[in-house]
Every structure is written in C-alpha cells, then in structure tokens.
Amino acid sequence: MPESNRKRSGLRLLAGIGVVMASATLGAGIGHAQQMAAQTDQAPLQQDKPRKPSSRSVVAAAVAGPNGPASGAAAKPVRRSSVKGPYYVDFRARTAASYGHAFVWYGKTSEKQVEVAGLHPAGDVLPYVLGHLTWVPSETGASYGDLDEQYLTASYRVYLSEADANKVFAYIKHLQATSPLWNAETTNCTAFIGRIANFMGLKAPFHLLKPEEYVNQLREINGGRQTAQLAASDQ
C-alpha cells in the first residue's frame with residue numbers, strides 16, 4: 001500500500017475514534033444536564049410542600065393564640081381571682097350635654113332590677129351653671145340617661161360576696177343621705193363614686209377627670225380586678 005494511502009487510513013481511524021469519544025462525552029453531558037434540570041424542576045415542588053412544625057412551634061402557637069406571637073411572659077400561668085360573688089357594684093360613665101356623668105349601678109346578678117346612685121345638681125341648667133361657682137343642692141338617685149345603655153361610655157363592674165355587699169350597699173345609701181350639695185370642682189360625681197370605690201378597698205383616681213376617663217383609670221389602677229373584699233376591720 002502506498003505511503004499516502006496509509007496516512008489517509010490512519011487519519012480516518014483517528015477521526016473515527018474522536019467522533020466516538022465526542023459522542024460519548026456529549027451524551028454524558030446531556031444526561032447530566034437533564035438530571036440537573038429535573039432536580040431544578042422538582043425543587044419548587046418540594047419547597048411548596050408544608051413542613052411539619054416542630055413540637056416547640058406548636059406549643060408556641062398554642063400559647064400565642066390568634067392575636068399575637070408567643071412570649072415568655074404570655075406562657076406563664078395566670079393567677080385567677082377569687083370566685084365572683086352574686087352581688088356587684090358597676091362604676092359607669094355616660095354622655096351628657098357637657099362632659100358626661102359618673103354614677104354606679106348596684107344589685108344582684110340574678111336580678112334585672114338595679115339600684116342607681118350618683119351625685120348631680122338638683123334641677124336643670126341654672127343649678128348646673130351655678131355649681132361651677134359655688135355649692136348647689138344635689139340629688140343622688142338616677143338622672144336622665146343613667147339607665148340607657150346607648151349613652152354608656154365606660155363601665156367597670158366589681159363583684160362582692162353577700163356579706164360584703166350588705167355593707168357596701170348600706171354605705172352607698174348612707175352616702176346618698178349625707179351628700180346634700182354638689183360642686184363641679186369639689187363634691188362632684190367622680191368624687192362621689194370614688195368614695196364608694198375606696199370603701200370597697202379599691203384605689204381611686206384624682207376626681208378632677210372627665211367621667212369616662214375616670215372610670216377607665218379606676219379600672220386600670222386596680223389592675224382590672226373583678227372582685228373586692230372588705231378589710232378585716234370592716235367585717
């Protein structure tokens with residue numbers, strides 16, 4: 001065989017081997033690329049699957065409830081107050097032509113009828129105006145709007161045992177009988193219900209507040225407690 005033919009045959013053989021190797025390499029690359037693509041396509045599906053929460057997450061969610069995240073303080077057990085008594089005093093505020101009025105409801109939880117006590121000027125507009133300058137005759141029962149829920153702006157109800165209720169209710173009636181005068185700055189409606197709160201063992205805010213603000217602060221400074229018990233000296 002001539003030398004030139006041998007060289008051509010050798011070149012063809014090398015070219016064939018190169019094609020085979022290139023095809024094998026290309027096939028492996030394509031297979032690897034397809035595998036990577038499949039993994040990439042499956043990744044979002046795997047991420048979309050919800051992960052099972054850990055037991056710690058479940059406990060935290062149960063403690064937090066629907067309104068907010070869990071915290072160490074929220075997880076602590078809450079001390080419950082004593083059992084609510086069958087009697088109550090409800091410190092209330094309502095709207096009025098001026099800055100409102102504060103008064104109390106009191107009675108028994110099983111009865112619809114309530115007693116109302118509150119200090120206000122006797123009469124109409126003139127006594128009210130004069131009461132900002134001097135003392136004017138007062139009334140201590142229900143006034144217009146005290147029994148209407150639509151005028152209510154604040155309420156703080158505190159429960160009592162029967163024994164304590166008898167003493168508190170007697171004190172309210174005594175306070176009504178011994179409060180003949182009203183004055184906007186001294187003997188006003190908030191000062192009146194504050195004296196009742198003090199007798200029940202509650203803290204009372206400064207009396208020169210609007211009735212709604214007074215009742216809300218009364219609840220706040222007493223920690224929102226729902227029961228009251230008279231001191232041993234009052235028993």
# chains A, B, ... in the order shown; residues from 1 in each chain; ligands from 1

$ closest_atom_pairs --of "segment 146-223 of chain A" --to "segment 111-129 of chain A" --cutoff "12 Å" --atoms "only C-alpha atoms" --output "CSV"
residue,atom,partner,partner_atom,distance
A:Asp146,CA,A:Val116,CA,7.7
A:Leu147,CA,A:Val116,CA,8.4
A:Asp148,CA,A:Val116,CA,12.0
A:Phe169,CA,A:Glu115,CA,9.5
A:Ala170,CA,A:Ala117,CA,12.0
A:Tyr171,CA,A:Ala117,CA,11.2
A:Ile172,CA,A:Ala117,CA,7.4
A:Lys173,CA,A:Ala117,CA,8.2
A:His174,CA,A:Ala117,CA,11.0
A:Leu175,CA,A:Ala117,CA,9.2
A:Gln176,CA,A:Ala117,CA,7.3
A:Ala177,CA,A:Ala117,CA,10.8
A:Thr178,CA,A:Leu119,CA,11.0
A:Ser179,CA,A:Leu119,CA,7.8
A:Pro180,CA,A:Leu119,CA,9.0
A:Leu181,CA,A:Pro121,CA,7.7
A:Trp182,CA,A:Pro121,CA,5.8
A:Asn183,CA,A:Pro121,CA,8.1
A:Ala184,CA,A:Tyr128,CA,8.3
A:Glu185,CA,A:Tyr128,CA,12.0
A:Thr186,CA,A:Leu119,CA,11.6
A:Thr187,CA,A:Leu119,CA,8.2
A:Asn188,CA,A:Leu119,CA,6.4
A:Cys189,CA,A:Leu119,CA,4.8
A:Thr190,CA,A:Leu119,CA,8.3
A:Ala191,CA,A:Leu119,CA,8.8
A:Phe192,CA,A:Leu119,CA,6.3
A:Ile193,CA,A:Gly118,CA,7.1
A:Gly194,CA,A:Gly118,CA,10.8
A:Arg195,CA,A:Gly118,CA,11.3
A:Ile196,CA,A:Ala117,CA,10.2
A:Pro211,CA,A:Gly118,CA,11.6

$ closest_residue --among "A:Val104, A:Leu209, A:Met200, A:Ala96" --to "Asn166 of chain A" --atoms "only C-alpha atoms"
A:Met200

$ closest_residue --among "A:Tyr106, A:Tyr159, A:Tyr99, A:Phe91" --to "Gln229 of chain A" --atoms "only C-alpha atoms"
A:Tyr159

$ residues_around --residues "Arg94 of chain A" --least-positions-apart "5" --cutoff "7 Å" --atoms "only C-alpha atoms" --output "MDAnalysis selection string"
chainID A and resid 100:102 151:154

$ write_last_selection --atoms "C-alpha atoms" --output "short mmCIF file (atom, residue, chain, number, x, y, z; two decimals), in the first residue's frame"
data_model
loop_
_atom_site.label_atom_id
_atom_site.label_comp_id
_atom_site.auth_asym_id
_atom_site.auth_seq_id
_atom_site.Cartn_x
_atom_site.Cartn_y
_atom_site.Cartn_z
CA GLY A 100 -70.56 63.48 80.97
CA HIS A 101 -71.72 61.98 84.24
CA ALA A 102 -70.37 59.25 86.54
CA TYR A 151 -75.36 56.65 76.40
CA LEU A 152 -72.79 54.49 78.19
CA THR A 153 -69.13 55.40 77.58
CA ALA A 154 -67.29 53.36 80.25
#
